[in-house]
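Have a look at my_file_31.txt below; it lists compact mmCIF, C-alpha atoms and all ligand atoms.
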```txt
# COMPACT_ATOMS: atom_id res chain seq x y z
CA MET A 18 106.29 99.41 76.20
CA ILE A 19 103.94 99.45 79.16
CA LYS A 20 101.11 96.96 78.82
CA ILE A 21 99.30 97.71 82.07
CA PRO A 22 99.78 101.28 83.35
CA PHE A 23 99.38 102.08 87.03
CA LEU A 24 96.63 104.65 86.50
CA ARG A 25 94.55 105.68 83.53
CA PRO A 26 92.43 108.63 84.62
CA ASN A 27 89.03 108.54 82.97
CA LEU A 28 87.32 111.88 83.44
CA VAL A 29 83.80 112.50 82.18
CA ARG A 30 83.38 112.96 78.42
CA GLN A 31 82.82 116.35 76.87
CA ASP A 32 79.25 115.58 75.78
CA THR A 33 78.20 115.03 79.40
CA PHE A 34 79.02 118.58 80.44
CA THR A 35 78.35 120.75 77.35
CA HIS A 36 74.91 121.65 78.68
CA TYR A 37 76.55 122.95 81.85
CA LEU A 38 79.07 124.95 79.79
CA SER A 39 76.22 126.57 77.88
CA GLN A 40 74.87 127.80 81.20
CA ILE A 41 78.19 129.54 81.87
CA GLU A 42 77.96 131.38 78.55
CA LYS A 43 74.43 132.46 79.36
CA SER A 44 75.11 133.62 82.91
CA ARG A 45 78.58 135.05 82.10
CA TRP A 46 79.54 134.05 85.61
CA TYR A 47 82.94 132.33 85.59
CA SER A 48 84.05 131.98 89.21
CA ASN A 49 83.44 133.46 92.71
CA TYR A 50 81.05 130.77 93.96
CA GLY A 51 78.86 131.03 90.85
CA PRO A 52 75.60 129.19 90.10
CA LEU A 53 77.17 125.90 88.94
CA ASN A 54 79.46 125.82 91.95
CA THR A 55 76.51 126.48 94.27
CA LEU A 56 74.49 123.77 92.53
CA PHE A 57 77.36 121.31 92.97
CA GLU A 58 77.80 122.10 96.68
CA ASN A 59 74.06 121.80 97.27
CA ARG A 60 73.84 118.51 95.41
CA VAL A 61 76.74 117.03 97.42
CA LEU A 62 75.01 118.14 100.57
CA THR A 63 71.56 116.78 99.71
CA GLU A 64 72.53 113.68 97.69
CA TYR A 65 75.31 112.52 100.04
CA TYR A 66 74.89 114.19 103.45
CA GLU A 67 71.08 114.39 103.59
CA GLY A 68 71.34 118.10 104.18
CA ASN A 69 73.52 117.76 107.32
CA GLY A 70 76.22 120.39 107.74
CA ALA A 71 77.87 122.33 104.92
CA ALA A 72 80.20 121.78 101.97
CA LEU A 73 82.60 124.12 100.23
CA THR A 74 84.55 123.54 97.02
CA VAL A 75 88.25 124.43 96.80
CA ASN A 76 90.67 124.49 93.88
CA ASN A 77 92.69 121.56 95.27
CA ALA A 78 92.92 119.58 98.50
CA THR A 79 96.29 121.02 99.53
CA ILE A 80 94.77 124.50 99.63
CA GLY A 81 91.72 122.99 101.34
CA LEU A 82 93.97 121.52 104.06
CA MET A 83 95.78 124.84 104.49
CA LEU A 84 92.53 126.73 104.95
CA ALA A 85 91.07 124.08 107.24
CA ILE A 86 94.17 123.93 109.45
CA ASN A 87 94.64 127.68 109.55
CA GLN A 88 91.01 128.33 110.42
CA SER A 89 90.80 125.78 113.22
CA LYS A 90 94.32 125.67 114.78
CA ARG A 91 94.65 126.66 118.44
CA PRO A 92 96.40 130.02 118.73
CA LYS A 93 99.12 128.89 121.15
CA GLY A 94 99.78 125.69 119.29
CA GLN A 95 103.03 124.70 117.67
CA TYR A 96 102.46 121.14 116.43
CA ALA A 97 100.22 119.44 113.92
CA LEU A 98 99.99 115.75 114.86
CA MET A 99 99.77 113.58 111.77
CA PRO A 100 100.87 110.20 110.44
CA SER A 101 104.16 109.93 108.58
CA PHE A 102 102.47 107.43 106.27
CA THR A 103 100.68 110.04 104.14
CA PHE A 104 101.29 112.22 101.11
CA SER A 105 103.63 115.23 101.37
CA ALA A 106 100.68 117.60 101.04
CA THR A 107 99.64 116.88 104.66
CA PRO A 108 102.85 118.15 106.35
CA LEU A 109 103.30 120.87 103.75
CA ALA A 110 99.84 122.28 104.46
CA ALA A 111 100.63 122.43 108.19
CA MET A 112 103.94 124.16 107.50
CA TRP A 113 102.21 126.81 105.38
CA CYS A 114 100.11 127.50 108.48
CA GLY A 115 103.24 128.14 110.53
CA LEU A 116 103.07 124.78 112.34
CA GLU A 117 105.52 121.94 112.79
CA PRO A 118 104.39 118.48 111.74
CA TYR A 119 104.75 115.91 114.56
CA PHE A 120 104.77 112.47 112.97
CA VAL A 121 102.92 109.60 114.62
CA ASP A 122 103.18 105.87 113.86
CA VAL A 123 100.29 103.98 112.25
CA ASN A 124 98.50 100.73 113.12
CA LYS A 125 99.72 97.47 111.65
CA ASP A 126 96.38 96.46 110.20
CA ASP A 127 94.50 99.51 108.86
CA TRP A 128 97.60 101.69 108.28
CA CYS A 129 95.89 104.68 109.94
CA MET A 130 97.37 106.89 112.69
CA ASN A 131 97.50 105.15 116.09
CA GLU A 132 94.96 106.82 118.39
CA GLU A 133 96.68 105.75 121.62
CA LEU A 134 99.87 107.46 120.52
CA VAL A 135 97.83 110.59 119.76
CA GLU A 136 96.34 110.46 123.27
CA ASP A 137 99.80 110.07 124.86
CA LEU A 138 101.13 113.03 122.88
CA LEU A 139 98.19 115.20 123.87
CA LYS A 140 98.97 114.47 127.52
CA LYS A 141 102.64 115.21 126.99
CA LEU A 142 102.35 118.30 124.77
CA GLY A 143 99.10 119.88 126.02
CA ASP A 144 98.38 123.29 124.49
CA LYS A 145 101.36 122.97 122.19
CA VAL A 146 99.23 120.78 119.95
CA ALA A 147 97.57 123.18 117.52
CA VAL A 148 95.63 120.64 115.52
CA VAL A 149 95.39 116.91 114.79
CA VAL A 150 95.46 115.91 111.11
CA PRO A 151 94.69 112.21 110.59
CA TYR A 152 94.69 110.65 107.15
CA ALA A 153 91.90 108.28 106.07
CA THR A 154 94.44 105.92 104.53
CA PHE A 155 93.63 105.01 100.91
CA GLY A 156 90.00 106.00 101.40
CA THR A 157 89.05 103.77 104.34
CA ASN A 158 86.03 104.71 106.44
CA VAL A 159 87.84 105.53 109.70
CA ASN A 160 85.61 105.25 112.76
CA LEU A 161 85.33 108.89 113.86
CA THR A 162 84.27 108.37 117.50
CA PHE A 163 87.69 109.18 118.96
CA TYR A 164 88.32 112.19 116.75
CA LYS A 165 84.81 113.56 117.23
CA GLU A 166 85.29 113.55 120.99
CA LEU A 167 88.72 115.11 120.59
CA HIS A 168 87.32 117.92 118.48
CA GLU A 169 84.46 118.52 120.89
CA THR A 170 86.82 118.74 123.85
CA GLY A 171 88.75 121.54 122.17
CA VAL A 172 91.48 119.86 120.11
CA PRO A 173 90.64 120.73 116.50
CA VAL A 174 90.68 117.86 114.01
CA VAL A 175 91.20 118.24 110.26
CA PHE A 176 90.97 115.01 108.27
CA ASP A 177 93.03 114.52 105.15
CA ALA A 178 90.40 112.49 103.31
CA ALA A 179 91.86 113.17 99.87
CA PRO A 180 90.91 109.84 98.25
CA SER A 181 87.73 109.26 100.28
CA PHE A 182 84.99 111.02 98.33
CA GLY A 183 82.37 108.32 97.74
CA THR A 184 83.41 106.17 100.72
CA THR A 185 80.42 105.16 102.82
CA GLY A 186 80.04 103.29 106.09
CA SER A 187 77.37 102.53 108.65
CA ASN A 188 77.10 106.26 109.43
CA GLY A 189 76.59 107.24 105.79
CA PRO A 190 79.13 109.07 103.63
CA PHE A 191 82.57 109.56 105.18
CA GLY A 192 82.56 112.55 107.53
CA ASN A 193 78.80 112.68 108.06
CA ASP A 194 78.02 114.49 111.35
CA PHE A 195 81.70 115.22 111.97
CA PRO A 196 82.13 118.61 113.69
CA GLY A 197 85.78 118.99 112.58
CA LEU A 198 86.84 119.37 108.97
CA ILE A 199 87.01 116.75 106.22
CA VAL A 200 89.07 117.57 103.12
CA PHE A 201 88.56 115.65 99.84
CA SER A 202 90.61 115.90 96.63
CA PHE A 203 89.17 115.89 93.11
CA HIS A 204 92.56 115.61 91.40
CA ALA A 205 92.48 113.71 88.09
CA THR A 206 94.18 110.70 89.73
CA LYS A 207 91.57 110.41 92.48
CA SER A 208 88.41 108.37 92.05
CA PHE A 209 86.24 111.49 91.90
CA GLY A 210 88.58 113.22 89.44
CA ILE A 211 87.77 116.49 87.74
CA GLY A 212 91.32 117.71 86.92
CA GLU A 213 92.10 119.93 89.91
CA GLY A 214 89.67 120.58 92.74
CA GLY A 215 88.49 119.49 96.16
CA LEU A 216 85.83 119.82 98.82
CA VAL A 217 85.77 120.71 102.50
CA TYR A 218 82.91 119.27 104.54
CA SER A 219 81.86 119.78 108.16
CA ALA A 220 78.76 119.30 110.27
CA ASP A 221 79.64 122.76 111.63
CA ARG A 222 78.13 125.26 109.17
CA GLU A 223 79.69 128.25 110.85
CA LEU A 224 83.17 126.78 110.41
CA ILE A 225 82.54 126.20 106.69
CA SER A 226 81.26 129.73 106.26
CA GLN A 227 84.45 131.08 107.88
CA ILE A 228 86.53 129.00 105.48
CA ARG A 229 84.47 130.17 102.53
CA GLN A 230 85.31 133.72 103.52
CA ALA A 231 89.01 132.91 104.03
CA GLY A 232 89.05 131.26 100.59
CA ASN A 233 87.95 134.53 99.03
CA PHE A 234 90.84 136.73 100.28
CA GLY A 235 89.38 136.82 103.80
CA PHE A 236 86.83 139.37 102.61
CA SER A 237 83.99 140.45 104.86
CA THR A 238 80.74 141.44 103.16
CA ASN A 239 82.08 144.92 102.48
CA ARG A 240 85.25 143.52 100.85
CA GLU A 241 87.53 144.31 103.71
CA THR A 242 90.07 141.58 104.52
CA ILE A 243 89.44 140.36 108.06
CA SER A 244 91.43 137.10 108.13
CA GLN A 245 94.54 135.57 106.59
CA GLY A 246 92.80 134.61 103.37
CA LEU A 247 93.87 133.33 100.00
CA ASN A 248 92.15 132.38 96.77
CA SER A 249 90.77 128.84 96.87
CA LYS A 250 87.83 129.24 94.51
CA LEU A 251 86.83 126.67 91.92
CA SER A 252 86.07 128.07 88.48
CA GLU A 253 82.63 127.52 86.98
CA TYR A 254 84.27 125.41 84.23
CA SER A 255 85.58 123.00 86.86
CA ALA A 256 82.19 123.08 88.60
CA ALA A 257 80.59 122.03 85.29
CA ILE A 258 82.86 118.99 85.14
CA ALA A 259 82.23 118.30 88.83
CA LEU A 260 78.45 118.25 88.21
CA ALA A 261 78.84 115.83 85.29
CA THR A 262 81.11 113.68 87.49
CA LEU A 263 78.47 113.63 90.20
CA ASP A 264 75.98 112.36 87.59
CA ALA A 265 78.36 109.55 86.57
CA PHE A 266 79.86 108.71 89.93
CA PRO A 267 77.63 105.91 91.24
CA GLU A 268 78.65 103.81 88.25
CA LYS A 269 82.34 104.73 88.47
CA ASN A 270 82.32 103.87 92.16
CA GLN A 271 80.82 100.43 91.46
CA ILE A 272 83.38 99.66 88.77
CA ARG A 273 86.22 100.45 91.18
CA GLN A 274 84.74 98.29 93.92
CA GLN A 275 84.34 95.45 91.42
CA ILE A 276 88.02 95.64 90.39
CA TYR A 277 89.04 95.50 94.05
CA GLN A 278 86.98 92.31 94.41
CA TRP A 279 88.79 90.81 91.40
CA TYR A 280 92.09 91.49 93.15
CA LEU A 281 90.84 89.76 96.28
CA GLU A 282 89.85 86.70 94.23
CA GLU A 283 93.18 86.57 92.43
CA PHE A 284 95.22 87.04 95.60
CA ARG A 285 93.38 84.09 97.14
CA LYS A 286 94.61 81.95 94.23
CA ILE A 287 98.27 82.54 95.03
CA PRO A 288 99.43 79.25 96.57
CA LYS A 289 99.86 79.54 100.30
CA THR A 290 103.42 79.41 101.52
CA ASN A 291 104.79 80.90 104.65
CA LYS A 292 105.00 84.12 102.62
CA GLU A 293 101.80 86.06 102.93
CA TRP A 294 100.55 89.12 101.10
CA GLN A 295 98.84 91.46 103.53
CA LEU A 296 95.82 93.52 102.52
CA GLN A 297 94.72 96.65 104.31
CA LYS A 298 92.03 96.14 106.91
CA THR A 299 89.39 98.55 105.65
CA GLU A 300 85.97 99.72 106.79
CA GLY A 301 83.01 100.66 104.63
CA GLU A 302 82.59 100.74 100.86
CA ILE A 303 85.45 102.44 99.11
CA ALA A 304 85.81 103.89 95.60
CA TYR A 305 89.39 102.61 95.44
CA GLN A 306 91.97 104.90 93.85
CA PHE A 307 94.48 102.04 93.33
CA MET A 308 95.19 98.65 94.90
CA PRO A 309 97.54 98.83 97.91
CA VAL A 310 99.06 95.65 99.32
CA LEU A 311 102.01 94.73 101.55
CA CYS A 312 104.47 92.26 100.06
CA PRO A 313 105.59 89.43 102.34
CA GLU A 314 107.80 90.24 105.35
CA ASP A 315 111.51 90.24 104.49
CA GLN A 316 110.87 90.98 100.84
CA SER A 317 111.20 94.42 99.33
CA ASN A 318 108.52 96.35 97.46
CA ILE A 319 111.23 97.81 95.19
CA ASP A 320 112.04 94.31 93.90
CA PHE A 321 108.40 93.74 93.04
CA VAL A 322 108.14 97.07 91.24
CA LYS A 323 111.14 95.97 89.15
CA LEU A 324 109.69 92.54 88.50
CA LEU A 325 106.42 94.12 87.33
CA ALA A 326 108.31 96.60 85.13
CA ASP A 327 110.22 93.72 83.51
CA ASN A 328 106.80 92.37 82.59
CA HIS A 329 105.55 95.73 81.28
CA ILE A 330 103.33 96.46 84.27
CA GLU A 331 103.57 99.68 86.25
CA GLY A 332 103.54 99.48 90.05
CA ARG A 333 104.29 102.17 92.62
CA THR A 334 105.13 102.36 96.32
CA TYR A 335 102.70 105.01 97.66
CA PHE A 336 103.56 106.46 100.24
CA SER A 337 107.14 105.29 100.47
CA PRO A 338 109.43 107.01 101.28
CA THR A 339 107.10 108.08 104.08
CA CYS A 340 107.22 111.69 105.25
CA HIS A 341 109.75 111.27 108.09
CA GLN A 342 112.04 109.39 105.67
CA GLN A 343 112.23 112.39 103.33
CA LYS A 344 115.11 114.73 104.04
CA PHE A 345 112.95 117.84 103.98
CA PHE A 346 110.72 116.53 106.79
CA SER A 347 113.30 114.47 108.67
CA SER A 348 114.10 117.05 111.37
CA PHE A 349 110.54 117.19 112.70
CA GLU A 350 109.69 115.40 115.91
CA ARG A 351 108.13 111.99 115.79
CA THR A 352 107.14 108.92 117.78
CA LEU A 353 108.92 105.61 117.26
CA MET A 354 107.96 104.31 113.83
CA PRO A 355 108.08 100.48 113.85
CA ASN A 356 104.90 99.99 111.83
CA THR A 357 105.47 102.87 109.44
CA ASN A 358 109.00 101.68 108.70
CA ASN A 359 107.82 98.14 108.15
CA ILE A 360 105.02 99.24 105.80
CA SER A 361 107.35 101.59 103.97
CA GLY A 362 109.55 98.69 102.85
CA ARG A 363 106.62 96.50 101.83
CA ILE A 364 103.91 98.76 100.40
CA LEU A 365 103.13 98.09 96.77
CA SER A 366 100.50 100.04 94.82
CA LEU A 367 98.98 98.07 91.95
CA PRO A 368 97.04 99.17 88.84
CA LEU A 369 93.36 99.90 89.35
CA TRP A 370 91.46 102.01 86.85
CA GLU A 371 88.14 102.08 85.06
CA GLY A 372 88.46 99.77 82.05
CA ILE A 373 91.11 97.39 83.40
CA GLU A 374 90.05 93.80 82.77
CA LYS A 375 89.86 90.84 85.08
CA SER A 376 92.42 89.01 82.95
CA GLU A 377 94.85 91.88 83.45
CA ILE A 378 94.41 91.69 87.23
CA ALA A 379 95.19 87.97 86.96
CA GLN A 380 98.38 88.77 85.01
CA VAL A 381 99.49 91.16 87.75
CA THR A 382 98.98 88.68 90.59
CA LYS A 383 100.57 85.81 88.63
CA ILE A 384 103.73 87.82 88.24
CA LEU A 385 103.71 88.73 91.92
CA ALA A 386 103.40 85.04 92.81
CA LYS A 387 106.49 84.32 90.68
CA GLY A 388 108.48 86.84 92.69
CA LEU A 389 107.96 85.05 95.97
CA GLU A 390 111.25 83.80 97.30
CA PRO A 391 111.19 80.15 98.33
C1 LIG B 1 96.09 113.55 96.53
C2 LIG B 1 96.35 113.79 97.95
C3 LIG B 1 96.50 115.09 98.45
C4 LIG B 1 96.57 116.31 97.58
O1 LIG B 1 95.42 116.60 96.87
P1 LIG B 1 95.47 117.77 95.77
O2 LIG B 1 94.02 117.97 95.41
O3 LIG B 1 96.27 117.23 94.62
O4 LIG B 1 96.08 118.96 96.37
C5 LIG B 1 96.65 115.25 99.82
N1 LIG B 1 96.71 114.21 100.65
C6 LIG B 1 96.60 112.94 100.21
C7 LIG B 1 96.66 111.81 101.19
C8 LIG B 1 96.43 112.68 98.84
O5 LIG B 1 96.34 111.41 98.42
```
Take the structure in the file and give it back as structure tokens.
Ligand SMILES: *Cc1c(COP(=O)(O)O)cnc(C)c1O
Amino acid sequence: MIKIPFLRPNLVRQDTFTHYLSQIEKSRWYSNYGPLNTLFENRVLTEYYEGNGAALTVNNATIGLMLAINQSKRPKGQYALMPSFTFSATPLAAMWCGLEPYFVDVNKDDWCMNEELVEDLLKKLGDKVAVVVPYATFGTNVNLTFYKELHETGVPVVFDAAPSFGTTGSNGPFGNDFPGLIVFSFHATKSFGIGEGGLVYSADRELISQIRQAGNFGFSTNRETISQGLNSKLSEYSAAIALATLDAFPEKNQIRQQIYQWYLEEFRKIPKTNKEWQLQKTEGEIAYQFMPVLCPEDQSNIDFVKLLADNHIEGRTYFSPTCHQQKFFSSFERTLMPNTNNISGRILSLPLWEGIEKSEIAQVTKILAKGLEP
């Protein structure tokens, strides 16, 4: 019997969106960028981005990444530069666009793609780089200065920001003012969960309007297909849930930040030895999806997952195996991976969900402390 599960998705209750559902019955408009979808996009834009740029819903982030990459990739390009320490959806999306992932190592401290390695590769590969696809690891507010400049000098940038909706930093919500593309996921397991769904944001309205068209079979205004489109539309039912989630989100976000703080407190209580738990160096305020931590050097995350399981607690090792360690992706080119390989053996993802109690967090960290080898 599991006492503390890893995730317990907590989507908005039925009574918070029935009034939106009634509007669907009245309008008899069920999809195709209907009124609820438009309301949701407009609210995201005004309530989060102060009206800067444009936002477009999609039916999941993987499709959002495919559209974003396909719409912005350089025509002669072959490679999509991306970290190996990400979810499979990132390389898969590039492959669906006819590109080869090129895996890049991450930094030791924030676990995000190393920008110097990206610069070196751009010098080496030139026009062969079709697009750069960084990942905002576990929702952190990556400083976008480097990537903004890259995008403006002609190397398109598409951010996998799947868990980042609700993250804010000194420049406002994540992605604010960014001329490339930012792709968020609204999957049930993400902090802004609606079941299936996602959002593409850019400061470049024209780019978003091209993607909107591509997401509707590439139709021009007279329903002639003029680009390699697909169907990425969010149904009005999902838009209803998204609107109710937007209403509830400030509170959900606060709860998640509070739980993260409890973890920090409890980790500080673990007696100091020469074995240290390493937390991610993050920026900004994050609506954490789960609690990622690196177990001490020379110890294995798998052993801690087992130890937790023996105590009826569920832990995971997101994202290990990393992409280049999976057979399907292993033949793609890559940089040396010292940091990724190190993190892969140590990354432990701990329970974090709305409703978990402080005492349960303390149970988790107590058990971790027991597993420290002398
Ligand atoms: C969840 C996730 C995705 C996929 O999102 P979907 O909406 O489920 O397609 C992509 N990349 C990362 C890093 C994720 O965490």
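Of the listed residues (A:Gln342, A:Asn77, A:Ser255, A:Ser366), A:Asn77 comes nearest to ligand LIG 1 (chain B); the distances count all atoms listed in the file.
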Can you work out which residues are within 8 Å of ligand LIG 1 (chain B), considering only C-alpha atoms and all ligand atoms, and then hand them over as a PyMOL selection string?
chain A and resi 76-81+103-107+152-155+177-180+201-204+206-207+213-215
Spatial neighbours of Arg25 of chain A, max dist 12 Å, only C-alpha atoms, sep filter under 4 positions, as a ChimeraX atom specification
/A:20-21,205-208,210,306-307,331,368-373
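One distance worth recording is that between atom CA of Leu311 of chain A and atom CA of Leu296 of chain A, which is 6.4 Å.
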Rounded to one decimal in Å, what is the spacing between atom CA of Ile225 of chain A and atom CA of Val75 of chain A?
11.6 Å
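The nearest approach to Cys312 of chain A among the residues A:Pro267, A:Gly362, A:Gly94, A:Gly212, with all atoms listed in the file taken into account, belongs to A:Gly362.
Distance check against Phe34 of chain A using all atoms listed in the file: of A:Asn270, A:Asn188, A:Thr262, A:Gln297, the minimum falls on A:Thr262.
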